[in-house]
file structure.cif (mmCIF, C-alpha atoms)
data_run
loop_
_atom_site.label_atom_id
_atom_site.label_comp_id
_atom_site.auth_asym_id
_atom_site.auth_seq_id
_atom_site.Cartn_x
_atom_site.Cartn_y
_atom_site.Cartn_z
CA MET A 2 103.49 137.10 16.01
CA PRO A 3 103.00 138.54 19.53
CA ARG A 4 100.48 141.37 19.76
CA LYS A 5 101.84 144.92 20.12
CA PHE A 6 99.46 147.84 20.32
CA ASP A 7 100.38 151.38 19.26
CA LEU A 8 100.34 154.12 21.88
CA ASP A 9 97.66 155.95 19.89
CA ASP A 10 95.39 152.92 19.57
CA ASP A 11 92.48 153.62 21.90
CA ASN A 12 90.39 150.70 20.69
CA LEU A 13 91.46 148.47 23.54
CA VAL A 14 90.96 147.63 27.18
CA LEU A 15 93.95 148.63 29.28
CA ILE A 16 94.63 146.71 32.49
CA ILE A 17 97.10 148.03 35.03
CA GLY A 18 98.85 145.09 36.72
CA SER A 19 99.40 141.49 35.60
CA GLY A 20 98.77 139.68 38.89
CA ALA A 21 95.83 137.67 40.16
CA GLY A 22 93.23 140.19 38.99
CA GLY A 23 94.88 141.74 35.97
CA GLY A 24 96.35 138.59 34.48
CA THR A 25 93.10 136.67 34.87
CA LEU A 26 90.95 139.46 33.47
CA GLY A 27 93.36 139.90 30.57
CA ASN A 28 92.98 136.26 29.60
CA GLU A 29 89.19 136.25 29.98
CA LEU A 30 88.85 139.30 27.71
CA ALA A 31 91.32 137.93 25.17
CA GLN A 32 89.40 134.64 25.00
CA LYS A 33 86.33 136.68 24.02
CA GLY A 34 88.19 138.44 21.22
CA ILE A 35 88.65 141.76 23.02
CA ARG A 36 91.87 143.67 22.29
CA THR A 37 93.59 143.86 25.64
CA LEU A 38 96.79 145.48 26.88
CA ILE A 39 98.26 144.78 30.31
CA LEU A 40 100.83 147.28 31.56
CA GLU A 41 103.05 145.70 34.21
CA ALA A 42 105.46 147.81 36.27
CA GLY A 43 107.92 144.97 36.76
CA PRO A 44 110.05 142.90 34.40
CA ARG A 45 109.13 139.57 32.90
CA ILE A 46 111.06 136.91 34.82
CA GLU A 47 110.18 133.52 33.37
CA ARG A 48 110.01 130.49 35.63
CA GLU A 49 113.28 129.05 34.28
CA GLN A 50 114.97 132.09 35.81
CA HIS A 51 113.39 131.67 39.25
CA ILE A 52 115.83 130.89 42.05
CA ASP A 53 115.14 128.45 44.87
CA ASP A 54 116.88 130.57 47.47
CA GLU A 55 115.04 132.92 49.79
CA ARG A 56 117.40 135.83 49.73
CA GLN A 57 118.09 135.78 45.98
CA ALA A 58 114.43 135.25 45.06
CA PHE A 59 113.44 138.20 47.21
CA ALA A 60 115.92 140.44 45.40
CA GLN A 61 114.64 139.15 42.07
CA LEU A 62 110.87 139.34 42.58
CA ALA A 63 110.01 141.82 45.33
CA TRP A 64 108.69 145.35 44.97
CA LEU A 65 111.71 147.18 46.29
CA ASP A 66 110.78 150.76 45.41
CA LYS A 67 110.84 152.73 48.63
CA ARG A 68 107.53 153.09 50.37
CA THR A 69 106.52 154.71 53.58
CA THR A 70 104.01 153.86 56.23
CA SER A 71 102.91 155.74 59.31
CA GLY A 72 100.48 155.63 62.15
CA SER A 73 100.30 154.08 65.57
CA TRP A 74 100.34 150.45 64.49
CA ARG A 75 103.36 148.20 64.79
CA LEU A 76 104.48 148.12 61.16
CA PRO A 77 105.87 151.69 60.97
CA LYS A 78 108.12 150.83 63.91
CA ASP A 79 109.51 147.60 62.45
CA TYR A 80 109.37 148.21 58.69
CA PRO A 81 108.74 151.90 58.00
CA ASN A 82 109.89 151.60 54.38
CA PHE A 83 108.69 148.08 53.66
CA PRO A 84 105.10 147.73 54.80
CA ALA A 85 104.15 144.96 52.40
CA ASN A 86 105.98 142.05 50.81
CA VAL A 87 104.62 142.00 47.28
CA CYS A 88 106.10 141.41 43.85
CA LYS A 89 107.04 143.67 40.97
CA VAL A 90 107.15 141.24 38.05
CA VAL A 91 104.87 139.88 35.34
CA GLY A 92 102.49 137.65 37.28
CA GLY A 93 102.53 139.97 40.25
CA THR A 94 102.38 138.42 43.68
CA THR A 95 100.93 135.20 42.24
CA VAL A 96 104.58 134.38 41.52
CA HIS A 97 105.43 134.57 45.23
CA TRP A 98 102.23 133.45 46.97
CA GLY A 99 102.04 130.09 48.67
CA GLY A 100 98.87 128.95 46.93
CA CYS A 101 96.60 128.98 49.98
CA SER A 102 93.10 129.22 48.51
CA LEU A 103 90.59 129.65 51.29
CA ARG A 104 87.23 131.18 50.62
CA VAL A 105 86.30 134.32 52.51
CA GLN A 106 83.83 133.53 55.29
CA ASP A 107 80.39 135.03 55.68
CA HIS A 108 81.25 137.13 58.74
CA GLU A 109 84.16 138.76 56.89
CA LEU A 110 81.76 140.12 54.28
CA ARG A 111 79.51 141.62 56.98
CA ALA A 112 82.06 143.29 59.24
CA LYS A 113 79.72 146.15 60.16
CA ASP A 114 76.88 143.80 61.13
CA VAL A 115 79.22 141.58 63.11
CA TYR A 116 81.44 144.13 64.87
CA GLY A 117 79.37 147.30 64.87
CA ASN A 118 80.98 150.71 65.19
CA ILE A 119 84.59 150.61 66.37
CA ALA A 120 86.43 153.89 66.94
CA GLY A 121 89.10 154.58 64.33
CA THR A 122 87.59 152.27 61.73
CA ASN A 123 85.13 152.55 58.88
CA LEU A 124 83.62 149.10 58.91
CA LEU A 125 81.20 148.37 56.11
CA ASN A 126 79.34 145.36 54.81
CA TRP A 127 80.31 144.18 51.36
CA PRO A 128 77.63 144.79 48.73
CA LEU A 129 77.87 141.08 47.93
CA THR A 130 76.90 138.04 49.95
CA LEU A 131 78.89 134.85 50.18
CA ALA A 132 76.04 133.06 48.36
CA GLU A 133 76.47 135.42 45.42
CA LEU A 134 80.22 134.81 45.35
CA GLU A 135 80.05 131.04 45.58
CA PRO A 136 79.55 130.26 41.88
CA TYR A 137 82.56 132.42 41.08
CA TYR A 138 84.68 130.78 43.77
CA ASP A 139 83.70 127.51 42.17
CA LYS A 140 84.92 128.69 38.76
CA ALA A 141 88.14 130.09 40.22
CA GLU A 142 88.92 126.86 42.10
CA ASP A 143 88.41 124.88 38.90
CA LYS A 144 90.56 127.31 36.92
CA MET A 145 93.36 127.26 39.46
CA GLY A 146 93.15 123.55 40.32
CA VAL A 147 92.59 123.98 44.05
CA THR A 148 93.11 120.78 46.04
CA GLY A 149 90.09 119.57 47.96
CA THR A 150 87.72 120.96 45.31
CA HIS A 151 86.45 119.62 41.98
CA GLY A 152 87.62 116.12 42.79
CA ILE A 153 91.24 117.21 43.14
CA PRO A 154 93.02 115.23 45.89
CA LEU A 155 94.55 117.03 48.85
CA LEU A 156 98.34 117.33 48.85
CA ASP A 157 100.27 114.72 50.80
CA ALA A 158 101.55 115.92 54.17
CA ASP A 159 105.29 116.54 54.38
CA ASN A 160 107.40 116.10 57.52
CA ASN A 161 106.64 119.62 58.76
CA GLN A 162 102.91 119.08 58.39
CA ILE A 163 103.02 115.71 60.08
CA VAL A 164 104.58 117.40 63.12
CA MET A 165 102.05 120.23 62.97
CA ALA A 166 99.10 117.85 62.71
CA ALA A 167 100.28 115.92 65.76
CA GLY A 168 100.59 119.14 67.71
CA ALA A 169 97.21 120.39 66.50
CA LYS A 170 95.53 117.21 67.65
CA LYS A 171 97.27 117.46 71.01
CA VAL A 172 95.89 120.95 71.65
CA GLY A 173 92.40 119.95 70.63
CA TYR A 174 91.98 120.65 66.94
CA LYS A 175 89.60 118.24 65.26
CA GLU A 176 90.49 119.16 61.68
CA CYS A 177 93.96 119.54 60.35
CA SER A 178 94.79 118.87 56.73
CA THR A 179 97.06 120.17 54.01
CA GLY A 180 94.13 122.39 53.04
CA ASN A 181 92.91 124.02 49.87
CA MET A 182 95.95 124.84 47.78
CA ALA A 183 96.34 126.02 44.17
CA ILE A 184 99.17 123.54 43.75
CA ASN A 185 98.74 120.42 41.58
CA SER A 186 98.52 117.19 43.52
CA ARG A 187 98.18 115.38 40.17
CA PRO A 188 99.09 116.61 36.67
CA ARG A 189 96.39 119.04 35.59
CA ASP A 190 95.90 121.81 33.02
CA GLY A 191 99.22 121.11 31.35
CA ARG A 192 101.23 121.41 34.55
CA PRO A 193 102.89 118.62 36.51
CA ALA A 194 102.20 117.35 40.01
CA THR A 195 104.12 118.63 42.99
CA ILE A 196 107.66 117.36 43.54
CA GLN A 197 107.56 118.59 47.15
CA ASP A 198 110.55 120.88 46.80
CA GLY A 199 109.28 123.50 49.23
CA PHE A 200 110.06 126.73 47.36
CA CYS A 201 106.61 127.98 46.38
CA PHE A 202 107.44 131.36 47.86
CA GLN A 203 110.39 131.72 45.54
CA GLY A 204 108.59 131.46 42.20
CA ILE A 205 107.25 128.71 39.98
CA ARG A 206 110.37 126.93 38.89
CA SER A 207 108.67 123.54 39.04
CA ASN A 208 105.56 124.91 37.27
CA VAL A 209 103.26 123.25 39.78
CA LYS A 210 101.69 126.19 41.59
CA TRP A 211 99.07 128.33 39.88
CA SER A 212 100.29 131.79 38.94
CA THR A 213 99.04 134.08 36.18
CA LEU A 214 102.57 133.83 34.76
CA ASN A 215 102.19 130.15 33.87
CA THR A 216 98.44 130.01 33.18
CA GLU A 217 96.30 133.03 32.35
CA ILE A 218 98.96 135.11 30.63
CA PRO A 219 100.28 132.49 28.19
CA LYS A 220 96.71 131.36 27.43
CA GLY A 221 95.67 134.95 26.76
CA GLU A 222 98.72 135.63 24.63
CA ALA A 223 98.01 132.53 22.54
CA THR A 224 94.74 134.08 21.33
CA GLY A 225 96.65 136.92 19.67
CA ASN A 226 94.42 139.47 21.45
CA LEU A 227 96.54 140.12 24.53
CA GLU A 228 99.74 142.13 24.93
CA VAL A 229 101.60 142.11 28.23
CA ARG A 230 104.02 145.04 28.28
CA PRO A 231 106.56 144.76 31.12
CA GLN A 232 108.56 147.51 32.82
CA CYS A 233 105.83 150.05 32.21
CA HIS A 234 105.12 151.73 35.50
CA VAL A 235 101.81 153.58 35.30
CA LEU A 236 101.99 157.01 36.93
CA ARG A 237 98.62 158.59 36.18
CA ILE A 238 95.30 157.85 34.61
CA GLU A 239 94.21 160.54 32.19
CA HIS A 240 90.68 161.64 31.32
CA ASP A 241 89.07 163.90 28.74
CA LYS A 242 87.06 167.10 29.33
CA SER A 243 83.88 165.17 29.97
CA GLY A 244 85.61 163.12 32.67
CA ARG A 245 85.87 159.85 30.76
CA VAL A 246 89.18 158.04 31.01
CA SER A 247 91.28 158.42 27.90
CA GLY A 248 94.58 156.71 28.66
CA VAL A 249 97.51 156.45 31.05
CA VAL A 250 100.93 157.97 31.42
CA TYR A 251 103.59 155.40 32.19
CA ALA A 252 107.35 155.41 32.71
CA ASP A 253 109.41 152.87 30.78
CA LYS A 254 112.55 151.24 32.12
CA GLU A 255 114.66 154.22 31.10
CA GLY A 256 112.30 156.54 32.95
CA ASN A 257 110.85 158.08 29.78
CA HIS A 258 107.15 158.89 29.95
CA HIS A 259 104.62 157.69 27.39
CA LEU A 260 100.91 158.21 26.94
CA GLN A 261 99.00 155.04 26.05
CA ARG A 262 95.43 155.60 24.95
CA ALA A 263 92.59 153.26 25.92
CA ARG A 264 88.80 152.95 25.78
CA ILE A 265 88.38 151.24 29.14
CA ILE A 266 90.91 151.15 31.98
CA CYS A 267 90.95 148.49 34.71
CA VAL A 268 92.94 149.07 37.86
CA ALA A 269 94.36 145.77 39.11
CA ALA A 270 97.60 146.96 40.64
CA ILE A 271 98.89 146.57 44.16
CA GLU A 272 99.52 150.33 44.12
CA THR A 273 95.99 151.26 42.96
CA PRO A 274 95.34 153.17 46.22
CA ARG A 275 98.28 155.38 45.30
CA LEU A 276 97.50 155.59 41.56
CA LEU A 277 93.93 156.82 41.95
CA PRO A 278 94.81 159.84 44.16
CA ASN A 279 97.83 160.50 41.96
CA SER A 280 95.41 160.87 39.05
CA ALA A 281 93.72 163.87 40.65
CA SER A 282 92.78 166.72 38.34
CA SER A 283 90.75 169.92 38.52
CA LEU A 284 87.69 167.86 37.66
CA TYR A 285 88.52 165.18 40.26
CA PRO A 286 90.47 166.96 43.00
CA ASP A 287 90.30 163.95 45.35
CA GLY A 288 91.59 161.55 42.70
CA LEU A 289 89.66 159.05 40.62
CA ALA A 290 86.98 156.69 41.95
CA ASN A 291 87.12 158.45 45.31
CA SER A 292 83.68 159.89 46.00
CA SER A 293 83.88 158.07 49.35
CA GLY A 294 87.07 159.90 50.31
CA GLN A 295 88.41 156.56 51.55
CA VAL A 296 90.85 155.64 48.77
CA GLY A 297 94.34 155.28 50.24
CA GLU A 298 93.04 156.05 53.72
CA LYS A 299 92.27 152.78 55.47
CA LEU A 300 93.74 149.32 55.61
CA HIS A 301 91.61 146.40 54.53
CA ALA A 302 93.08 143.04 55.23
CA SER A 303 92.32 139.45 55.89
CA TYR A 304 94.32 138.38 58.86
CA GLU A 305 95.92 135.00 59.22
CA TRP A 306 97.45 133.23 62.14
CA ILE A 307 100.95 132.02 61.58
CA SER A 308 102.67 129.66 63.91
CA VAL A 309 106.42 129.50 63.88
CA GLY A 310 108.33 126.98 65.85
CA GLY A 311 111.52 125.04 65.98
CA ILE A 312 111.68 121.31 65.57
CA ARG A 313 114.30 120.03 67.94
CA LYS A 314 114.99 116.71 66.33
CA THR A 315 117.07 117.25 63.23
CA ARG A 316 119.30 115.15 61.10
CA ALA A 317 122.23 116.53 63.06
CA ASN A 318 121.19 115.03 66.35
CA VAL A 319 118.95 112.06 65.70
CA SER A 320 120.26 108.58 65.79
CA ARG A 321 120.83 106.75 62.56
CA GLU A 322 117.60 104.79 63.02
CA HIS A 323 115.43 107.89 62.81
CA ASN A 324 114.44 109.87 59.77
CA GLY A 325 112.90 113.27 59.41
CA ARG A 326 114.47 115.35 56.72
CA LEU A 327 113.64 118.99 57.11
CA HIS A 328 113.47 120.52 53.71
CA GLN A 329 111.73 123.86 53.50
CA GLY A 330 108.30 122.38 52.98
CA ARG A 331 105.20 124.28 52.06
CA THR A 332 102.77 126.49 53.94
CA THR A 333 99.41 125.00 54.67
CA SER A 334 96.13 126.85 54.65
CA MET B 27 127.66 149.61 56.56
CA LYS B 28 130.51 151.71 55.34
CA GLN B 29 133.55 152.28 57.45
CA SER B 30 136.11 154.86 56.55
CA LEU B 31 139.67 154.91 57.72
CA SER B 32 141.27 158.10 58.92
CA ALA B 33 144.83 159.01 58.02
CA SER B 34 145.99 157.51 61.29
CA GLY B 35 144.47 154.12 60.38
CA GLY B 36 141.80 154.21 63.08
CA ILE B 37 138.05 154.07 62.52
CA GLN B 38 136.30 157.41 62.38
CA LYS B 39 133.66 158.25 64.89
CA ARG B 40 130.22 157.34 63.55
CA SER B 41 127.06 159.28 64.16
CA SER B 42 125.62 156.09 65.66
CA GLY B 43 127.37 157.04 68.87
CA ILE B 44 130.03 154.38 69.10
CA SER B 45 133.17 156.03 70.24
CA GLN B 46 136.44 155.15 68.63
CA GLU B 47 137.80 154.03 71.94
CA MET B 48 134.85 151.74 72.69
CA PHE B 49 135.21 150.05 69.30
CA ARG B 50 138.94 149.74 69.75
CA GLN B 51 138.44 148.12 73.12
CA ALA B 52 135.73 145.80 71.84
CA GLY B 53 137.29 145.05 68.45
CA PHE B 54 140.96 144.77 68.88
CA ALA B 55 140.90 143.07 72.25
CA TRP B 56 137.98 140.78 71.35
CA THR B 57 139.78 137.48 71.24
CA GLY B 58 141.20 138.07 74.69
CA LEU B 59 137.84 138.68 76.33
CA SER B 60 135.89 136.16 78.35
CA GLU B 61 132.38 135.13 77.26
CA GLU B 62 130.90 137.40 79.94
CA ALA B 63 133.04 140.36 78.94
CA ARG B 64 132.06 139.93 75.31
CA LEU B 65 128.41 139.88 76.28
CA GLN B 66 128.85 143.09 78.25
CA ALA B 67 130.64 144.75 75.35
CA LEU B 68 127.80 143.83 73.02
CA LYS B 69 125.20 145.01 75.50
CA ARG B 70 126.85 148.41 75.56
CA VAL B 71 126.22 148.81 71.83
CA GLU B 72 123.05 146.77 71.37
CA GLN B 73 120.73 149.78 71.03
CA THR B 74 122.85 151.43 68.37
CA PRO B 75 121.78 151.44 64.70
CA PHE B 76 125.18 149.92 63.88
CA PHE B 77 124.59 146.85 66.04
CA GLN B 78 120.96 146.42 64.98
CA ARG B 79 121.85 146.59 61.30
CA LEU B 80 124.72 144.16 61.82
CA ARG B 81 122.48 141.75 63.69
CA SER B 82 119.70 141.70 61.08
CA ASP B 83 122.19 141.35 58.23
CA PHE B 84 124.00 138.57 60.10
CA VAL B 85 120.82 136.54 60.58
CA LEU B 86 119.97 136.94 56.91
CA TYR B 87 123.39 136.01 55.58
CA PHE B 88 124.04 133.27 58.13
CA TYR B 89 120.89 131.33 57.25
CA SER B 90 121.43 131.98 53.52
CA ASN B 91 124.80 130.26 53.59
CA PRO B 92 124.66 126.75 52.09
CA ALA B 93 127.78 125.74 54.06
CA ILE B 94 125.81 126.23 57.29
CA TRP B 95 122.75 124.20 56.30
CA PRO B 96 124.07 120.68 56.93
CA ARG B 97 124.83 121.74 60.50
CA PHE B 98 121.14 121.94 61.32
CA GLY B 99 119.75 119.36 58.92
CA TYR B 100 118.29 121.71 56.33
CA GLU B 101 118.47 120.23 52.86
CA GLY B 102 117.86 123.32 50.72
CA PRO B 103 116.80 123.52 47.08
CA SER B 104 116.26 120.34 45.10
CA ASN B 105 114.45 121.32 41.93
CA ASP B 106 117.23 119.96 39.73
CA ARG B 107 117.08 116.64 41.58
CA GLY B 108 113.32 116.13 41.25
CA GLY B 109 112.38 117.65 44.59
CA TYR B 110 111.82 115.58 47.72
CA VAL B 111 108.78 113.62 46.57
CA HIS B 112 110.92 110.48 46.10
CA ARG B 113 113.65 111.47 48.50
CA GLY B 114 112.02 111.38 51.87
CA PHE B 115 109.64 114.35 52.01
CA ASN B 116 107.42 112.49 54.47
CA ASP B 117 109.79 109.94 55.96
CA ILE B 118 109.56 111.15 59.54
CA ASP B 119 109.42 108.18 61.90
CA TRP B 120 109.65 109.68 65.38
CA ILE B 121 106.09 111.00 65.45
CA LYS B 122 102.71 109.39 64.86
CA ARG B 123 100.88 110.45 61.70
CA GLU B 124 97.38 111.78 62.31
CA GLU B 125 94.55 111.09 59.90
CA PRO B 126 93.54 114.23 57.94
#

call {"tool": "encode", "arguments": {"input": "structure.cif", "output": "structure tokens"}}
result
Amino acid sequence: MPRKFDLDDDNLVLIIGSGAGGGTLGNELAQKGIRTLILEAGPRIEREQHIDDERQAFAQLAWLDKRTTSGSWRLPKDYPNFPANVCKVVGGTTVHWGGCSLRVQDHELRAKDVYGNIAGTNLLNWPLTLAELEPYYDKAEDKMGVTGTHGIPLLDADNNQIVMAAGAKKVGYKECSTGNMAINSRPRDGRPATIQDGFCFQGIRSNVKWSTLNTEIPKGEATGNLEVRPQCHVLRIEHDKSGRVSGVVYADKEGNHHLQRARIICVAAIETPRLLPNSASSLYPDGLANSSGQVGEKLHASYEWISVGGIRKTRANVSREHNGRLHQGRTTS
Amino acid sequence: MKQSLSASGGIQKRSSGISQEMFRQAGFAWTGLSEEARLQALKRVEQTPFFQRLRSDFVLYFYSNPAIWPRFGYEGPSNDRGGYVHRGFNDIDWIKREEP
């Protein structure tokens, strides 16, 4: 019997968002016997419904509610109403991500030390060091089955990667591999090995890539302590007179508002920087968790380099003696 | 992009700034134009929202069309056929493999 909590039941932990953070936390709490409710804004699209087609998968999985962005950077010019490609489904953006599982580097955690004061930024050092994070990275890589860790073999290179590796060597790179990926190279954790179909960005149809949809969430639900409630878009976090959180207001798929009570609320949503200011009250005029005044103000990102190129030799114009099928392939970290 | 037809059967002037006459010249006489003339006609409208929307939609729908894929060697989805792991995912033979 799947768990279903009443709206008035405040003896639970409420997690907003079912993605990498929310889905994982939900399972961890459920495994410890804690009554846990995850409210997910998007619908539950199971992997059998995922579509290996870029355009259709985008329409199915993406967060398409209108957004705005502004400022002097390039994004408002190119995509003023679509500043981020993220998902609105159970599993969050772990359904769409490519599985690249690189650890943050030391200098990224100490941006202020490394870069100093730069006009227009608020660089800070993280209150954690890489050394403190390493045991948890270790656990996460084991949980997710990251290739190149815990004895898990690296993925075999596909045609695209073979071309890339040759080019990388030519321009002087010493290391080029298929990298650390949360994609099974061998069967592991009840999921099969990769079939090299190249549509990781379009869901988890082959059930090979780690996503909270095919790991954390079903494991949490199996304990009987976890409810994942889809199409519940949280609008505000409520608190009592003393300032303690008391519950959330959410809109269901018909647009009707409901108040769900909770003892503890965890924000794990892609829209948390909007939700916290939207929860402003007379007691918290700048929104919740915003004593810094920085919530929703600055962009924090890890930047990646992406190379895009064309491969001239294709099936259409190579001689019969040559091979080199160009299926979509997979991103490499 | 919605187009509405006036009572006379022509295309109404759009706020994007394309005049009816320009479109008539470009559209109805298109097949008779040389490559260079077509290019010039497109250049006249290339800054308009109409053209930019058409171009981005065209790229999206062109590359989403399975009938086009064989033309440039793209094999597309294969989940129902067991992927490419046994069907040549790494069969390239015109480039040397590098050791990882």

call {"tool": "residues_around", "arguments": {"input": "structure.cif", "residues": "Arg230 (chain A)", "least_positions_apart": "3", "cutoff": "7 Å", "atoms": "all atoms listed in the file", "output": "MDAnalysis selection string"}}
result
chainID A and resid 39:41 233

call {"tool": "closest_residue", "arguments": {"input": "structure.cif", "among": "A:Cys201, A:Ala120, A:Ala60, A:Ala167", "to": "His97 (chain A)", "atoms": "only C-alpha atoms"}}
result
A:Cys201

call {"tool": "interface_residues", "arguments": {"input": "structure.cif", "of": "chain B", "to": "chain A", "cutoff": "7 Å", "atoms": "only C-alpha atoms", "output": "list in words"}}
result
Ser90, Arg97, Phe98, Gly99, Tyr100, Glu101, Gly102, Pro103, Ser104, Asn105, Gly108, Gly109, Tyr110, Val111, Gly114, Phe115, Asn116, Asp117, Ile118, Asp119, Trp120, Ile121, Arg123, Glu124 and Pro126 of chain B

call {"tool": "atom_distance", "arguments": {"input": "structure.cif", "atom1": "CA of Tyr304 (chain A)", "atom2": "CA of Gly20 (chain A)"}}
result
20.5 Å

call {"tool": "resolve_selection", "arguments": {"input": "structure.cif", "expression": "the PyMOL selection byres ((chain A and resi 268) around 8)", "output": "PyMOL selection string"}}
result
chain A and resi 16-18+23+266-267+269-270+273

call {"tool": "closest_residue", "arguments": {"input": "structure.cif", "among": "A:Glu239, A:Glu217, A:Glu222, A:Glu142", "to": "Ala21 (chain A)", "atoms": "all atoms listed in the file"}}
result
A:Glu217

call {"tool": "atom_distance", "arguments": {"input": "structure.cif", "atom1": "CA of Arg75 (chain A)", "atom2": "CA of Phe84 (chain B)"}}
result
23.3 Å

call {"tool": "residues_around", "arguments": {"input": "structure.cif", "residues": "Leu124 (chain A)", "least_positions_apart": "4", "cutoff": "12 Å", "atoms": "only C-alpha atoms", "output": "list in words"}}
result
Glu109, Leu110, Arg111, Ala112, Lys113, Asp114, Val115, Tyr116, Gly117, Asn118, Ile119, Ala120, Gln295, Lys299, Leu300, His301 and Ala302 of chain A

call {"tool": "resolve_selection", "arguments": {"input": "structure.cif", "expression": "the PyMOL selection byres ((chain A and resi 32-35) around 8)", "output": "MDAnalysis selection string"}}
result
chainID A and resid 13:14 28:31 36:37 221 224 226

call {"tool": "atom_distance", "arguments": {"input": "structure.cif", "atom1": "CA of Leu134 (chain A)", "atom2": "CA of Cys101 (chain A)"}}
result
18.0 Å

call {"tool": "resolve_selection", "arguments": {"input": "structure.cif", "expression": "the PyMOL selection byres ((chain A and resi 47) around 9)", "output": "CSV table (one decimal) with C-alpha atoms, in the frame of the given file"}}
result
chain,number,residue,atom,x,y,z
A,45,ARG,CA,109.1,139.6,32.9
A,46,ILE,CA,111.1,136.9,34.8
A,48,ARG,CA,110.0,130.5,35.6
A,49,GLU,CA,113.3,129.0,34.3
A,50,GLN,CA,115.0,132.1,35.8
A,51,HIS,CA,113.4,131.7,39.2
A,91,VAL,CA,104.9,139.9,35.3
A,205,ILE,CA,107.2,128.7,40.0
A,206,ARG,CA,110.4,126.9,38.9
A,214,LEU,CA,102.6,133.8,34.8
A,215,ASN,CA,102.2,130.2,33.9

call {"tool": "residues_around", "arguments": {"input": "structure.cif", "residues": "region 279-288 of chain A", "least_positions_apart": "5", "cutoff": "8 Å", "atoms": "only C-alpha atoms", "output": "list in words"}}
result
Leu236, Arg237, Ile238, Glu239, Gly244 and Gly294 of chain A

call {"tool": "closest_residue", "arguments": {"input": "structure.cif", "among": "A:Leu38, A:Leu289, A:Leu131, A:Ala252", "to": "Gly24 (chain A)", "atoms": "only C-alpha atoms"}}
result
A:Leu38

call {"tool": "residues_around", "arguments": {"input": "structure.cif", "residues": "Thr70 (chain A)", "least_positions_apart": "6", "cutoff": "7 Å", "atoms": "all atoms listed in the file", "output": "JSON, numbers by chain"}}
result
{"A": [77, 81, 82, 84]}

call {"tool": "closest_residue", "arguments": {"input": "structure.cif", "among": "A:Pro188, A:Gly93, A:Ala58, A:Ala183", "to": "Phe202 (chain A)", "atoms": "all atoms listed in the file"}}
result
A:Ala58

call {"tool": "decode", "arguments": {"input": "structure.cif", "residues": "region 292-301 of chain A", "atoms": "N, CA, C and O atoms", "output": "mmCIF file, in the first residue's frame"}}
result
data_model
loop_
_atom_site.group_PDB
_atom_site.id
_atom_site.type_symbol
_atom_site.label_atom_id
_atom_site.label_comp_id
_atom_site.auth_asym_id
_atom_site.auth_seq_id
_atom_site.Cartn_x
_atom_site.Cartn_y
_atom_site.Cartn_z
ATOM 1 N N SER A 292 19.195 36.048 5.624
ATOM 2 C CA SER A 292 19.865 37.086 6.418
ATOM 3 C C SER A 292 21.027 37.695 5.647
ATOM 4 O O SER A 292 21.432 38.822 5.912
ATOM 5 N N SER A 293 21.550 36.975 4.667
ATOM 6 C CA SER A 293 22.653 37.510 3.857
ATOM 7 C C SER A 293 22.169 38.524 2.840
ATOM 8 O O SER A 293 22.968 39.280 2.291
ATOM 9 N N GLY A 294 20.874 38.488 2.516
ATOM 10 C CA GLY A 294 20.360 39.352 1.454
ATOM 11 C C GLY A 294 20.752 38.895 0.057
ATOM 12 O O GLY A 294 20.511 39.589 -0.922
ATOM 13 N N GLN A 295 21.355 37.713 -0.046
ATOM 14 C CA GLN A 295 21.883 37.255 -1.336
ATOM 15 C C GLN A 295 20.976 36.273 -2.064
ATOM 16 O O GLN A 295 21.222 35.964 -3.224
ATOM 17 N N VAL A 296 19.921 35.785 -1.386
ATOM 18 C CA VAL A 296 19.084 34.757 -2.017
ATOM 19 C C VAL A 296 18.417 35.337 -3.259
ATOM 20 O O VAL A 296 17.802 36.405 -3.214
ATOM 21 N N GLY A 297 18.567 34.650 -4.378
ATOM 22 C CA GLY A 297 17.963 35.080 -5.634
ATOM 23 C C GLY A 297 18.694 36.226 -6.297
ATOM 24 O O GLY A 297 18.238 36.745 -7.311
ATOM 25 N N GLU A 298 19.856 36.617 -5.753
ATOM 26 C CA GLU A 298 20.539 37.798 -6.275
ATOM 27 C C GLU A 298 21.685 37.481 -7.219
ATOM 28 O O GLU A 298 21.934 38.180 -8.171
ATOM 29 N N LYS A 299 22.447 36.445 -6.909
ATOM 30 C CA LYS A 299 23.666 36.185 -7.677
ATOM 31 C C LYS A 299 23.616 34.804 -8.302
ATOM 32 O O LYS A 299 22.933 33.911 -7.828
ATOM 33 N N LEU A 300 24.373 34.644 -9.341
ATOM 34 C CA LEU A 300 24.481 33.353 -10.008
ATOM 35 C C LEU A 300 25.676 32.603 -9.453
ATOM 36 O O LEU A 300 26.772 33.150 -9.384
ATOM 37 N N HIS A 301 25.452 31.354 -9.094
ATOM 38 C CA HIS A 301 26.568 30.479 -8.719
ATOM 39 C C HIS A 301 26.571 29.320 -9.691
ATOM 40 O O HIS A 301 25.564 28.661 -9.872
#
